[in-house]
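Peer 1: File entry-v9.csv follows (CSV, C-alpha atoms):
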```
chain,number,residue,atom,x,y,z
L,1,GLY,CA,85.5,118.6,93.4
L,2,ALA,CA,86.5,116.9,96.7
L,3,VAL,CA,90.2,117.9,96.7
L,4,VAL,CA,92.5,117.2,99.6
L,5,SER,CA,95.9,118.7,99.8
L,6,GLN,CA,98.9,117.9,102.0
L,7,HIS,CA,101.9,120.0,102.9
L,8,PRO,CA,104.8,119.5,102.6
L,9,SER,CA,104.9,116.8,99.9
L,10,TRP,CA,108.3,115.7,101.3
L,11,VAL,CA,110.5,116.5,104.2
L,12,ILE,CA,113.8,115.5,105.6
L,13,CYS,CA,114.6,116.1,109.2
L,14,LYS,CA,117.2,115.1,111.8
L,15,SER,CA,116.6,112.5,114.4
L,16,GLY,CA,115.1,114.0,117.5
L,17,THR,CA,113.3,116.9,115.9
L,18,SER,CA,109.6,117.3,115.3
L,19,VAL,CA,107.8,117.6,112.0
L,20,LYS,CA,104.3,118.9,111.3
L,21,ILE,CA,102.2,117.8,108.3
L,22,GLU,CA,99.1,119.6,107.2
L,23,CYS,CA,96.0,118.1,105.5
L,24,ARG,CA,93.4,120.4,104.0
L,25,SER,CA,90.1,119.8,102.4
L,26,LEU,CA,89.9,122.5,99.7
L,27,ASP,CA,86.4,122.4,98.5
L,28,PHE,CA,84.3,120.7,101.2
L,29,GLN,CA,84.0,120.6,105.0
L,30,ALA,CA,85.6,117.5,106.4
L,31,THR,CA,83.9,116.3,109.6
L,32,THR,CA,86.3,113.5,109.8
L,33,MET,CA,89.9,113.2,108.8
L,34,PHE,CA,92.1,110.1,108.8
L,35,TRP,CA,95.8,109.6,108.9
L,36,TYR,CA,97.5,106.6,107.3
L,37,ARG,CA,101.1,105.4,107.1
L,38,GLN,CA,102.6,103.4,104.3
L,39,PHE,CA,106.0,101.7,104.6
L,40,PRO,CA,107.9,100.7,101.4
L,41,LYS,CA,106.2,97.9,99.5
L,42,GLN,CA,103.5,97.7,102.2
L,43,SER,CA,99.9,98.8,102.1
L,44,LEU,CA,98.3,101.7,103.9
L,45,MET,CA,97.7,101.3,107.6
L,46,LEU,CA,95.3,103.5,109.5
L,47,MET,CA,97.0,105.4,112.3
L,48,ALA,CA,94.2,107.6,113.7
L,49,THR,CA,90.8,109.1,113.1
L,50,SER,CA,90.0,112.7,114.0
L,51,ASN,CA,86.7,114.5,114.2
L,52,GLU,CA,86.6,118.2,114.2
L,53,GLY,CA,86.8,119.6,117.7
L,54,SER,CA,87.4,116.3,119.4
L,55,LYS,CA,90.4,114.2,120.4
L,56,ALA,CA,91.7,111.8,117.8
L,57,THR,CA,91.2,108.1,118.2
L,58,TYR,CA,94.4,106.1,117.7
L,59,GLU,CA,94.7,102.6,116.3
L,60,GLN,CA,96.3,100.0,118.5
L,61,GLY,CA,100.1,100.3,118.5
L,62,VAL,CA,100.2,103.9,117.5
L,63,GLU,CA,101.7,106.2,120.2
L,64,LYS,CA,99.4,109.2,120.7
L,65,ASP,CA,102.1,111.1,122.4
L,66,LYS,CA,104.4,110.7,119.5
L,67,PHE,CA,101.9,111.4,116.7
L,68,LEU,CA,100.0,114.4,117.7
L,69,ILE,CA,96.9,115.1,115.7
L,70,ASN,CA,94.9,118.3,115.8
L,71,HIS,CA,91.7,118.8,113.9
L,72,ALA,CA,90.8,122.4,114.8
L,73,SER,CA,88.7,123.3,111.9
L,74,LEU,CA,86.5,121.6,109.3
L,75,THR,CA,89.1,122.0,106.6
L,76,LEU,CA,92.4,121.4,108.4
L,77,SER,CA,94.0,118.6,110.3
L,78,THR,CA,97.7,118.4,111.3
L,79,LEU,CA,99.9,115.5,112.2
L,80,THR,CA,103.0,116.3,114.3
L,81,VAL,CA,105.7,113.6,114.5
L,82,THR,CA,107.5,114.4,117.7
L,83,SER,CA,111.1,113.4,118.4
L,84,ALA,CA,111.3,111.7,115.1
L,85,HIS,CA,113.6,108.7,114.6
L,86,PRO,CA,114.7,106.9,111.4
L,87,GLU,CA,112.1,104.2,111.9
L,88,ASP,CA,109.4,106.9,111.5
L,89,SER,CA,110.5,107.4,108.0
L,90,SER,CA,107.5,106.6,105.9
L,91,PHE,CA,104.8,107.9,103.5
L,92,TYR,CA,102.0,109.6,105.4
L,93,ILE,CA,98.7,110.0,103.7
L,94,CYS,CA,95.6,111.8,105.0
L,95,SER,CA,92.0,111.5,103.9
L,96,ALA,CA,88.9,113.5,104.6
L,97,ARG,CA,85.2,112.7,104.6
L,98,GLY,CA,82.3,115.1,104.6
L,99,GLY,CA,79.9,113.0,106.8
L,100,SER,CA,79.6,109.8,108.7
L,101,GLY,CA,76.9,107.9,106.7
L,102,GLY,CA,77.8,104.9,104.6
L,103,SER,CA,77.5,106.9,101.4
L,104,TYR,CA,80.2,109.4,102.3
L,105,GLU,CA,83.5,108.7,100.5
L,106,GLN,CA,87.0,109.4,101.8
L,107,TYR,CA,89.1,111.6,99.6
L,108,PHE,CA,92.8,111.1,99.8
L,109,GLY,CA,95.6,113.7,99.8
L,110,PRO,CA,98.8,113.2,97.7
L,111,GLY,CA,100.9,112.1,100.7
L,112,THR,CA,103.9,113.4,102.5
L,113,ARG,CA,107.2,111.5,102.4
L,114,LEU,CA,109.1,111.8,105.6
L,115,THR,CA,112.8,110.9,105.8
L,116,VAL,CA,114.5,111.0,109.2
L,117,THR,CA,118.3,111.0,109.2
X,1,LYS,CA,89.5,92.3,112.9
X,2,GLN,CA,88.9,92.9,109.3
X,3,GLU,CA,91.6,91.6,106.9
X,4,VAL,CA,91.8,92.3,103.2
X,5,THR,CA,93.7,90.0,100.8
X,6,GLN,CA,94.5,90.8,97.2
X,7,ILE,CA,95.5,88.2,94.6
X,8,PRO,CA,97.7,88.1,92.7
X,9,ALA,CA,100.4,90.2,94.4
X,10,ALA,CA,101.9,91.0,91.0
X,11,LEU,CA,100.8,90.6,87.4
X,12,SER,CA,102.5,91.3,84.1
X,13,VAL,CA,100.6,90.9,80.9
X,14,PRO,CA,100.9,92.1,77.3
X,15,GLU,CA,99.0,95.2,76.2
X,16,GLY,CA,95.4,94.6,75.0
X,17,GLU,CA,94.6,91.8,77.4
X,18,ASN,CA,91.6,91.8,79.6
X,19,LEU,CA,92.5,91.0,83.2
X,20,VAL,CA,90.9,90.4,86.6
X,21,LEU,CA,92.2,91.5,90.0
X,22,ASN,CA,90.8,89.8,93.1
X,23,CYS,CA,90.1,91.1,96.6
X,24,SER,CA,88.7,89.2,99.5
X,25,PHE,CA,87.7,90.4,103.0
X,26,THR,CA,87.0,88.5,106.2
X,27,ASP,CA,84.2,90.5,107.7
X,28,SER,CA,81.2,91.1,105.5
X,29,ALA,CA,79.8,93.9,107.7
X,30,ILE,CA,81.0,96.7,105.4
X,31,TYR,CA,79.6,100.0,104.3
X,32,ASN,CA,81.4,100.0,101.0
X,33,LEU,CA,84.4,98.8,99.1
X,34,GLN,CA,86.7,100.9,97.1
X,35,TRP,CA,89.3,100.3,94.4
X,36,PHE,CA,92.3,102.7,94.2
X,37,ARG,CA,95.2,103.1,91.9
X,38,GLN,CA,98.6,104.1,93.3
X,39,ASP,CA,101.6,105.1,91.0
X,40,PRO,CA,105.1,104.8,92.5
X,41,GLY,CA,105.8,107.3,95.2
X,42,LYS,CA,102.4,108.9,94.7
X,43,GLY,CA,99.1,109.2,96.6
X,44,LEU,CA,95.9,107.3,95.8
X,45,THR,CA,93.5,107.8,92.9
X,46,SER,CA,90.0,106.5,93.6
X,47,LEU,CA,88.8,104.3,90.7
X,48,LEU,CA,85.5,102.9,91.8
X,49,LEU,CA,83.3,102.9,95.0
X,50,ILE,CA,80.7,100.2,95.5
X,51,GLN,CA,78.2,100.6,98.3
X,52,SER,CA,77.3,97.4,100.3
X,53,SER,CA,73.9,97.3,98.6
X,54,GLN,CA,75.4,97.4,95.1
X,55,ARG,CA,76.7,94.5,93.0
X,56,GLU,CA,78.9,96.4,90.6
X,57,GLN,CA,80.1,99.7,89.4
X,58,THR,CA,81.6,100.6,86.0
X,59,SER,CA,83.8,103.4,84.8
X,60,GLY,CA,85.1,103.3,81.3
X,61,ARG,CA,87.2,100.2,80.9
X,62,LEU,CA,86.9,99.3,84.6
X,63,ASN,CA,84.3,97.2,86.2
X,64,ALA,CA,84.2,96.3,89.8
X,65,SER,CA,81.9,93.7,91.3
X,66,LEU,CA,81.0,93.0,94.9
X,67,ASP,CA,79.7,89.8,96.6
X,68,LYS,CA,79.4,91.0,100.1
X,69,SER,CA,78.1,87.7,101.5
X,70,SER,CA,81.1,85.8,100.3
X,71,GLY,CA,83.5,88.6,101.1
X,72,ARG,CA,84.8,89.1,97.5
X,73,SER,CA,85.3,91.8,95.0
X,74,THR,CA,86.9,91.7,91.5
X,75,LEU,CA,88.3,94.5,89.4
X,76,TYR,CA,88.0,93.8,85.7
X,77,ILE,CA,90.2,95.9,83.3
X,78,ALA,CA,89.3,95.6,79.7
X,79,ALA,CA,91.8,96.2,76.8
X,80,SER,CA,94.7,96.9,79.1
X,81,GLN,CA,97.1,99.7,78.2
X,82,PRO,CA,100.7,100.5,79.3
X,83,GLY,CA,99.3,103.5,81.2
X,84,ASP,CA,97.3,101.1,83.4
X,85,SER,CA,100.6,100.0,85.0
X,86,ALA,CA,100.4,100.8,88.7
X,87,THR,CA,99.6,99.2,92.0
X,88,TYR,CA,95.9,98.6,92.5
X,89,LEU,CA,94.6,98.7,96.1
X,90,CYS,CA,91.3,97.3,97.4
X,91,ALA,CA,89.9,98.8,100.7
X,92,VAL,CA,86.8,98.3,102.8
X,93,ARG,CA,85.0,100.5,105.2
X,94,HIS,CA,83.7,98.6,108.2
X,95,SER,CA,80.1,99.2,109.3
X,96,GLY,CA,80.3,97.8,112.8
X,97,GLY,CA,81.7,99.7,115.8
X,98,GLY,CA,85.3,100.6,116.2
X,99,ALA,CA,87.6,102.1,113.6
X,100,ASP,CA,85.9,104.1,110.9
X,101,GLY,CA,88.8,104.3,108.5
X,102,LEU,CA,89.5,102.0,105.6
X,103,THR,CA,91.2,98.6,105.8
X,104,PHE,CA,93.5,98.1,102.8
X,105,GLY,CA,94.9,95.1,101.1
X,106,LYS,CA,98.5,94.9,100.1
X,107,GLY,CA,97.7,95.6,96.5
X,108,THR,CA,98.3,94.0,93.1
X,109,HIS,CA,101.4,95.4,91.3
X,110,LEU,CA,100.3,95.5,87.6
X,111,ILE,CA,102.7,95.8,84.7
X,112,ILE,CA,101.3,96.1,81.1
X,113,GLN,CA,103.9,95.4,78.6
X,114,PRO,CA,103.8,97.5,75.4
```
Translate this structure into structure tokens?

Peer 2:
Amino acid sequence: GAVVSQHPSWVICKSGTSVKIECRSLDFQATTMFWYRQFPKQSLMLMATSNEGSKATYEQGVEKDKFLINHASLTLSTLTVTSAHPEDSSFYICSARGGSGGSYEQYFGPGTRLTVT
Amino acid sequence: KQEVTQIPAALSVPEGENLVLNCSFTDSAIYNLQWFRQDPGKGLTSLLLIQSSQREQTSGRLNASLDKSSGRSTLYIAASQPGDSATYLCAVRHSGGGADGLTFGKGTHLIIQP
């Protein structure tokens, strides 16, 4: 159980265009979803936290107008990279959690590799 | 701000050896600590989750310990195999206010030589 999927698994886009990445919890309801970014040879960095039906909370240094997050249902969150630039090329990983208590575990998706040319 | 450090950054050992990966964190106010495995270009595989009230967790050849007061965790891998080669990440979930996501270390890149 506790499977999280992401789509697409990889995407190449031209500079200036927008890209949408989907994150789905397949067999549980995710009250909270998280978006992380990983640059080559670096660790994962939290970008934002989203709770179903509310606005996302962004980490310091992450532009909320550039990285649009929508968590419209308990099983789906989307990250849209607007006006993408080559420096946005990265590995984007989402995770989902079923509750807020300390015993709830985050389950990670397989990641989406974005390349902006 | 929570910081997670992993030592060593890289490790290469012959097959069959037992080994220890280290993780330290600066803020002991955590809900839990988790060890993950990441293969090149892939997502994360959760290995072990230790709640703040626990001292250790075991799964097969893996054993993770947690000393919350000193801000340390170790991942012990017994009888290492070439298939264990991957990057191992340690992450903590903060229990105070603010960000509710995980804070990750930079990982230990492990190579098991056949």

Peer 1: Between CA of Lys1 (chain X) and CA of Pro40 (chain X), what is the distance in Å, rounded to a tenth?

Peer 2: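 Atom-to-atom, CA of Lys1 (chain X) to CA of Pro40 (chain X), that is 28.6 Å.
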
Peer 1: Any idea which chain X residues end up within 7 Å of chain L if we count only C-alpha atoms, as an NGL selection string please?

Peer 2: :X and (31 or 42-44 or 101 or 104-107)

Peer 1: Excluding Thr80 (chain L) and residues on its chain fewer than 6 positions from it, collect all residues at most 12 Å away from it, counting all atoms listed in the file, and give them as a list in words.

Peer 2: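 Listed by chain and then number, they are Thr17, Ser18, Val19, Lys20, Ile21, Glu22, Cys23, Trp35, Glu63, Lys64, Asp65, Lys66, Phe67, Leu68, Ile69, Asn70, His71, Asp88, Tyr92 and Leu114 of chain L.
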
Peer 1: Mind writing the picked residues with C-alpha atoms as a PDB file, in the coordinates of the input?

Peer 2:
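The file below, selection-v4.pdb, is the result:
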```
ATOM      1  CA  THR L  17     113.300 116.900 115.900  1.00  0.00           C
ATOM      2  CA  SER L  18     109.600 117.300 115.300  1.00  0.00           C
ATOM      3  CA  VAL L  19     107.800 117.600 112.000  1.00  0.00           C
ATOM      4  CA  LYS L  20     104.300 118.900 111.300  1.00  0.00           C
ATOM      5  CA  ILE L  21     102.200 117.800 108.300  1.00  0.00           C
ATOM      6  CA  GLU L  22      99.100 119.600 107.200  1.00  0.00           C
ATOM      7  CA  CYS L  23      96.000 118.100 105.500  1.00  0.00           C
ATOM      8  CA  TRP L  35      95.800 109.600 108.900  1.00  0.00           C
ATOM      9  CA  GLU L  63     101.700 106.200 120.200  1.00  0.00           C
ATOM     10  CA  LYS L  64      99.400 109.200 120.700  1.00  0.00           C
ATOM     11  CA  ASP L  65     102.100 111.100 122.400  1.00  0.00           C
ATOM     12  CA  LYS L  66     104.400 110.700 119.500  1.00  0.00           C
ATOM     13  CA  PHE L  67     101.900 111.400 116.700  1.00  0.00           C
ATOM     14  CA  LEU L  68     100.000 114.400 117.700  1.00  0.00           C
ATOM     15  CA  ILE L  69      96.900 115.100 115.700  1.00  0.00           C
ATOM     16  CA  ASN L  70      94.900 118.300 115.800  1.00  0.00           C
ATOM     17  CA  HIS L  71      91.700 118.800 113.900  1.00  0.00           C
ATOM     18  CA  ASP L  88     109.400 106.900 111.500  1.00  0.00           C
ATOM     19  CA  TYR L  92     102.000 109.600 105.400  1.00  0.00           C
ATOM     20  CA  LEU L 114     109.100 111.800 105.600  1.00  0.00           C
TER      21      LEU L 114
END
```

Peer 1: Please provide the set of residues having any atom within 7 Å of region 81-85 of chain X, restricted to only C-alpha atoms, with same-chain residues fewer than 5 positions apart removed, written as a PyMOL selection string.

Peer 2: chain X and resi 15-16+110-114

Peer 1: Using all atoms listed in the file, which residues sit within 7 Å of Val4 (chain X) once same-chain residues fewer than 3 positions away are excluded, as an NGL selection string?

Peer 2: :X and (23-26 or 103-105)

Peer 1: Can you list, as a list in words, every protein, DNA or RNA residue that comes within 8 Å of region 61-66 of chain X when you count only C-alpha atoms, leaving out same-chain residues fewer than 6 positions away?

Peer 2: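 Counting only C-alpha atoms, the residues come to Leu33, Trp35, Leu48, Ile50, Ser52, Gln54, Arg55, Arg72, Ser73, Thr74, Leu75, Tyr76, Ile77, Ala78 and Ala79 of chain X.
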
Peer 1: Restricting the calculation to all atoms listed in the file: of X:Thr5, X:Gln57, X:Gly41, X:Phe36, which residue gets closest to Trp10 (chain L)?

Peer 2: X:Gly41

Peer 1: Taking into account only C-alpha atoms, which residue in the set X:Val92, X:Val13, X:Ala86, X:Leu102 is nearest to Ala29 (chain X)?

Peer 2: X:Val92

Peer 1: Which value, in Å to one decimal, gives the distance between CA of Cys13 (chain L) and CA of Val116 (chain L)?

Peer 2: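 Pair CA of Cys13 (chain L) / CA of Val116 (chain L) returns 5.1 Å.
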
Peer 1: When you draw a straight line from CA of Leu47 (chain X) to CA of Ile7 (chain X), how long is it in Å?

Peer 2: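 So the answer is 17.9 Å.
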